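Structure file model_26.txt; described as compact mmCIF, C-alpha atoms and all ligand atoms.
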# COMPACT_ATOMS: atom_id res chain seq x y z
CA MET A 1 -22.07 -4.18 -2.77
CA SER A 2 -21.56 -6.87 -5.34
CA SER A 3 -18.07 -7.67 -6.47
CA VAL A 4 -16.76 -7.53 -10.01
CA VAL A 5 -15.82 -11.01 -11.12
CA PHE A 6 -13.73 -11.87 -14.13
CA LEU A 7 -12.60 -15.11 -15.66
CA SER A 8 -9.26 -14.92 -17.43
CA GLN A 9 -8.33 -17.17 -20.28
CA GLU A 10 -5.80 -17.23 -23.06
CA ALA A 11 -7.63 -16.66 -26.31
CA THR A 12 -7.58 -19.68 -28.60
CA GLU A 13 -8.98 -19.89 -32.12
CA ALA A 14 -11.94 -21.87 -30.71
CA ILE A 15 -12.73 -19.20 -28.13
CA LEU A 16 -12.39 -16.36 -30.62
CA LEU A 17 -14.86 -18.07 -32.91
CA GLN A 18 -17.45 -17.84 -30.17
CA VAL A 19 -16.87 -14.34 -28.83
CA THR A 20 -17.21 -10.93 -30.46
CA ARG A 21 -13.41 -10.65 -31.01
CA LEU A 22 -13.53 -7.10 -29.75
CA CYS A 23 -12.91 -5.66 -26.31
CA ALA A 24 -16.21 -4.30 -24.92
CA GLU A 25 -14.39 -1.29 -23.45
CA CYS A 26 -11.88 -0.08 -26.05
CA TYR A 27 -13.01 -2.09 -29.11
CA GLU A 28 -9.49 -3.37 -29.63
CA GLY A 29 -9.50 -6.68 -31.54
CA PHE A 30 -8.47 -9.85 -29.70
CA VAL A 31 -5.72 -12.05 -31.10
CA VAL A 32 -4.90 -15.72 -30.51
CA GLY A 33 -2.56 -16.13 -27.54
CA GLU A 34 -3.70 -12.94 -25.82
CA VAL A 35 -5.26 -13.24 -22.37
CA ILE A 36 -8.87 -12.09 -22.46
CA HIS A 37 -11.17 -11.51 -19.52
CA TYR A 38 -14.82 -12.44 -19.25
CA ASP A 39 -16.92 -10.09 -17.15
CA MET A 40 -19.41 -12.35 -15.38
CA GLN A 41 -21.61 -9.45 -14.33
CA HIS A 42 -22.02 -7.81 -17.69
CA TYR A 43 -21.52 -10.84 -19.94
CA ARG A 44 -18.79 -9.23 -22.01
CA TYR A 45 -15.14 -9.72 -22.84
CA ILE A 46 -12.42 -7.17 -22.26
CA CYS A 47 -8.70 -6.97 -23.02
CA SER A 48 -5.89 -7.01 -20.46
CA SER A 49 -5.33 -3.26 -20.38
CA CYS A 50 -9.03 -2.52 -19.73
CA HIS A 51 -9.07 -5.31 -17.18
CA GLN A 52 -6.13 -3.67 -15.42
CA HIS A 53 -7.90 -0.33 -15.52
CA LEU A 54 -11.10 -1.77 -13.97
CA GLN A 55 -9.06 -3.51 -11.32
CA GLU A 56 -7.69 -0.15 -10.21
CA LYS A 57 -11.17 1.39 -10.11
CA HIS A 58 -12.96 -1.38 -8.21
CA PRO A 59 -11.85 -2.26 -4.69
CA SER A 60 -14.19 -5.26 -4.73
CA PHE A 61 -12.53 -6.60 -7.86
CA GLU A 62 -12.26 -10.33 -7.85
CA GLU A 63 -10.10 -12.34 -10.20
CA ARG A 64 -10.72 -16.01 -10.81
CA GLU A 65 -7.80 -17.53 -12.58
CA GLU A 66 -7.32 -21.06 -13.78
CA VAL A 67 -10.95 -21.98 -13.98
CA TYR A 68 -10.68 -23.27 -17.48
CA GLY A 69 -13.68 -25.54 -17.12
CA LEU A 70 -15.89 -22.70 -15.96
CA PHE A 71 -14.82 -20.48 -18.82
CA GLU A 72 -15.66 -23.20 -21.30
CA GLU A 73 -19.02 -23.65 -19.61
CA VAL A 74 -19.78 -19.95 -20.02
CA LEU A 75 -18.90 -20.11 -23.72
CA ALA A 76 -21.11 -23.14 -24.22
CA LYS A 77 -24.24 -21.20 -23.22
ZN ZN B 101 -9.87 -3.04 -23.96
Taking this structure as input, can you express it in the form of structure tokens?
Ligand SMILES: [Zn+2]
Amino acid sequence: MSSVVFLSQEATEAILLQVTRLCAECYEGFVVGEVIHYDMQHYRYICSSCHQHLQEKHPSFEEREEVYGLFEEVLAK
């Protein structure tokens, strides 16, 4: 079973310019300063509350914090 991997990053103006600005789960808009989560399996961004919800549902949930460089790399693609 593959694990669910997320990258977490505080949303900056630069990041928000490059993403959809909406949570892929609840369609809540992202704001600067909020922590957003990039789903590496489904190539989408979700908010903290949906992230929390998924974490409870998936035992194989994997969180990768403080990988700023990797997050930037993902955005650059
Ligand atoms: Zn959400």
Exercise for the section: Kindly provide, as a count of residues only, all nucleotide and amino acid residues lying within 8 Å of ligand ZN 101 (chain B), counting only C-alpha atoms and all ligand atoms. Expected result: 13
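Computed from the coordinates, the CA of Phe30 (chain A) to CA of Val5 (chain A) distance equals 20.0 Å.
The gap separating CA of Ile36 (chain A) from CA of Thr12 (chain A) is 9.8 Å, in Å to one decimal.
CA of His42 (chain A) lies 21.7 Å from CA of Ala14 (chain A).
Near Val19 (chain A), within 9 Å and counting only C-alpha atoms, sit A:Ile15, A:Leu16, A:Leu17, A:Arg21, A:Leu22, A:Arg44, A:Tyr45, A:Leu75, not including residues fewer than 2 positions from it in the same chain.
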Export of the given selection (C-alpha atoms) as a PDB file, in the frame of the given file:
ATOM      1  CA  ILE A  15     -12.730 -19.200 -28.130  1.00  0.00           C
ATOM      2  CA  LEU A  16     -12.390 -16.360 -30.620  1.00  0.00           C
ATOM      3  CA  LEU A  17     -14.860 -18.070 -32.910  1.00  0.00           C
ATOM      4  CA  ARG A  21     -13.410 -10.650 -31.010  1.00  0.00           C
ATOM      5  CA  LEU A  22     -13.530  -7.100 -29.750  1.00  0.00           C
ATOM      6  CA  ARG A  44     -18.790  -9.230 -22.010  1.00  0.00           C
ATOM      7  CA  TYR A  45     -15.140  -9.720 -22.840  1.00  0.00           C
ATOM      8  CA  LEU A  75     -18.900 -20.110 -23.720  1.00  0.00           C
TER       9      LEU A  75
END
Practice task
Write out as a PyMOL selection string each polymer residue whose atoms come within 6 Å of Phe6 (chain A), counting only C-alpha atoms; drop sequence neighbours fewer than 2 positions from it.
Solution key: chain A and resi 37-40+63
Deliver the residues from the most recent selection as a file, using C-alpha atoms, as a short mmCIF file (atom, residue, chain, number, x, y, z; two decimals), keeping the file's coordinate frame.
data_model
loop_
_atom_site.label_atom_id
_atom_site.label_comp_id
_atom_site.auth_asym_id
_atom_site.auth_seq_id
_atom_site.Cartn_x
_atom_site.Cartn_y
_atom_site.Cartn_z
CA HIS A 37 -11.17 -11.51 -19.52
CA TYR A 38 -14.82 -12.44 -19.25
CA ASP A 39 -16.92 -10.09 -17.15
CA MET A 40 -19.41 -12.35 -15.38
CA GLU A 63 -10.10 -12.34 -10.20
#
Start from the incomplete input, build N, CA and C atoms for region 8-34 of chain A, and deliver everything as a JSON list (two decimals), in the coordinates of the input.
[["chain", "number", "residue", "atom", "x", "y", "z"],
["A", 8, "SER", "N", -10.33, -15.20, -16.48],
["A", 8, "SER", "CA", -9.26, -14.92, -17.43],
["A", 8, "SER", "C", -8.88, -16.18, -18.17],
["A", 9, "GLN", "N", -8.64, -16.02, -19.45],
["A", 9, "GLN", "CA", -8.33, -17.17, -20.28],
["A", 9, "GLN", "C", -7.51, -16.73, -21.48],
["A", 10, "GLU", "N", -6.56, -17.54, -21.84],
["A", 10, "GLU", "CA", -5.80, -17.23, -23.06],
["A", 10, "GLU", "C", -6.72, -17.48, -24.25],
["A", 11, "ALA", "N", -6.75, -16.54, -25.15],
["A", 11, "ALA", "CA", -7.63, -16.66, -26.31],
["A", 11, "ALA", "C", -7.10, -17.70, -27.29],
["A", 12, "THR", "N", -7.93, -18.68, -27.60],
["A", 12, "THR", "CA", -7.58, -19.68, -28.60],
["A", 12, "THR", "C", -8.48, -19.42, -29.81],
["A", 13, "GLU", "N", -8.16, -20.06, -30.92],
["A", 13, "GLU", "CA", -8.98, -19.89, -32.12],
["A", 13, "GLU", "C", -10.43, -20.30, -31.82],
["A", 14, "ALA", "N", -10.60, -21.37, -31.06],
["A", 14, "ALA", "CA", -11.94, -21.87, -30.71],
["A", 14, "ALA", "C", -12.72, -20.84, -29.90],
["A", 15, "ILE", "N", -12.06, -20.22, -28.96],
["A", 15, "ILE", "CA", -12.73, -19.20, -28.13],
["A", 15, "ILE", "C", -13.08, -17.99, -28.98],
["A", 16, "LEU", "N", -12.15, -17.55, -29.81],
["A", 16, "LEU", "CA", -12.39, -16.36, -30.62],
["A", 16, "LEU", "C", -13.52, -16.55, -31.63],
["A", 17, "LEU", "N", -13.76, -17.80, -31.99],
["A", 17, "LEU", "CA", -14.86, -18.07, -32.91],
["A", 17, "LEU", "C", -16.21, -17.85, -32.23],
["A", 18, "GLN", "N", -16.19, -17.92, -30.91],
["A", 18, "GLN", "CA", -17.45, -17.84, -30.17],
["A", 18, "GLN", "C", -17.70, -16.48, -29.51],
["A", 19, "VAL", "N", -16.69, -15.64, -29.45],
["A", 19, "VAL", "CA", -16.87, -14.34, -28.83],
["A", 19, "VAL", "C", -16.88, -13.25, -29.90],
["A", 20, "THR", "N", -17.09, -12.03, -29.50],
["A", 20, "THR", "CA", -17.21, -10.93, -30.46],
["A", 20, "THR", "C", -15.88, -10.52, -31.09],
["A", 21, "ARG", "N", -14.76, -10.99, -30.53],
["A", 21, "ARG", "CA", -13.41, -10.65, -31.01],
["A", 21, "ARG", "C", -13.01, -9.21, -30.75],
["A", 22, "LEU", "N", -13.85, -8.49, -30.07],
["A", 22, "LEU", "CA", -13.53, -7.10, -29.75],
["A", 22, "LEU", "C", -13.68, -6.86, -28.26],
["A", 23, "CYS", "N", -12.79, -6.04, -27.71],
["A", 23, "CYS", "CA", -12.91, -5.66, -26.31],
["A", 23, "CYS", "C", -14.16, -4.78, -26.16],
["A", 24, "ALA", "N", -14.97, -5.06, -25.14],
["A", 24, "ALA", "CA", -16.21, -4.30, -24.92],
["A", 24, "ALA", "C", -15.94, -2.87, -24.42],
["A", 25, "GLU", "N", -14.73, -2.63, -23.97],
["A", 25, "GLU", "CA", -14.39, -1.29, -23.45],
["A", 25, "GLU", "C", -13.72, -0.41, -24.50],
["A", 26, "CYS", "N", -12.66, -0.92, -25.12],
["A", 26, "CYS", "CA", -11.88, -0.08, -26.05],
["A", 26, "CYS", "C", -12.02, -0.49, -27.52],
["A", 27, "TYR", "N", -12.76, -1.59, -27.75],
["A", 27, "TYR", "CA", -13.01, -2.09, -29.11],
["A", 27, "TYR", "C", -11.75, -2.51, -29.86],
["A", 28, "GLU", "N", -10.74, -2.83, -29.10],
["A", 28, "GLU", "CA", -9.49, -3.37, -29.63],
["A", 28, "GLU", "C", -9.76, -4.84, -30.00],
["A", 29, "GLY", "N", -9.28, -5.30, -31.14],
["A", 29, "GLY", "CA", -9.50, -6.68, -31.54],
["A", 29, "GLY", "C", -8.66, -7.67, -30.74],
["A", 30, "PHE", "N", -9.22, -8.82, -30.41],
["A", 30, "PHE", "CA", -8.47, -9.85, -29.70],
["A", 30, "PHE", "C", -7.67, -10.68, -30.70],
["A", 31, "VAL", "N", -6.51, -11.16, -30.26],
["A", 31, "VAL", "CA", -5.72, -12.05, -31.10],
["A", 31, "VAL", "C", -5.45, -13.35, -30.35],
["A", 32, "VAL", "N", -5.20, -14.42, -31.10],
["A", 32, "VAL", "CA", -4.90, -15.72, -30.51],
["A", 32, "VAL", "C", -3.64, -15.61, -29.65],
["A", 33, "GLY", "N", -3.70, -16.16, -28.44],
["A", 33, "GLY", "CA", -2.56, -16.13, -27.54],
["A", 33, "GLY", "C", -2.64, -15.02, -26.51],
["A", 34, "GLU", "N", -3.50, -14.05, -26.76],
["A", 34, "GLU", "CA", -3.70, -12.94, -25.82],
["A", 34, "GLU", "C", -4.60, -13.43, -24.68]]
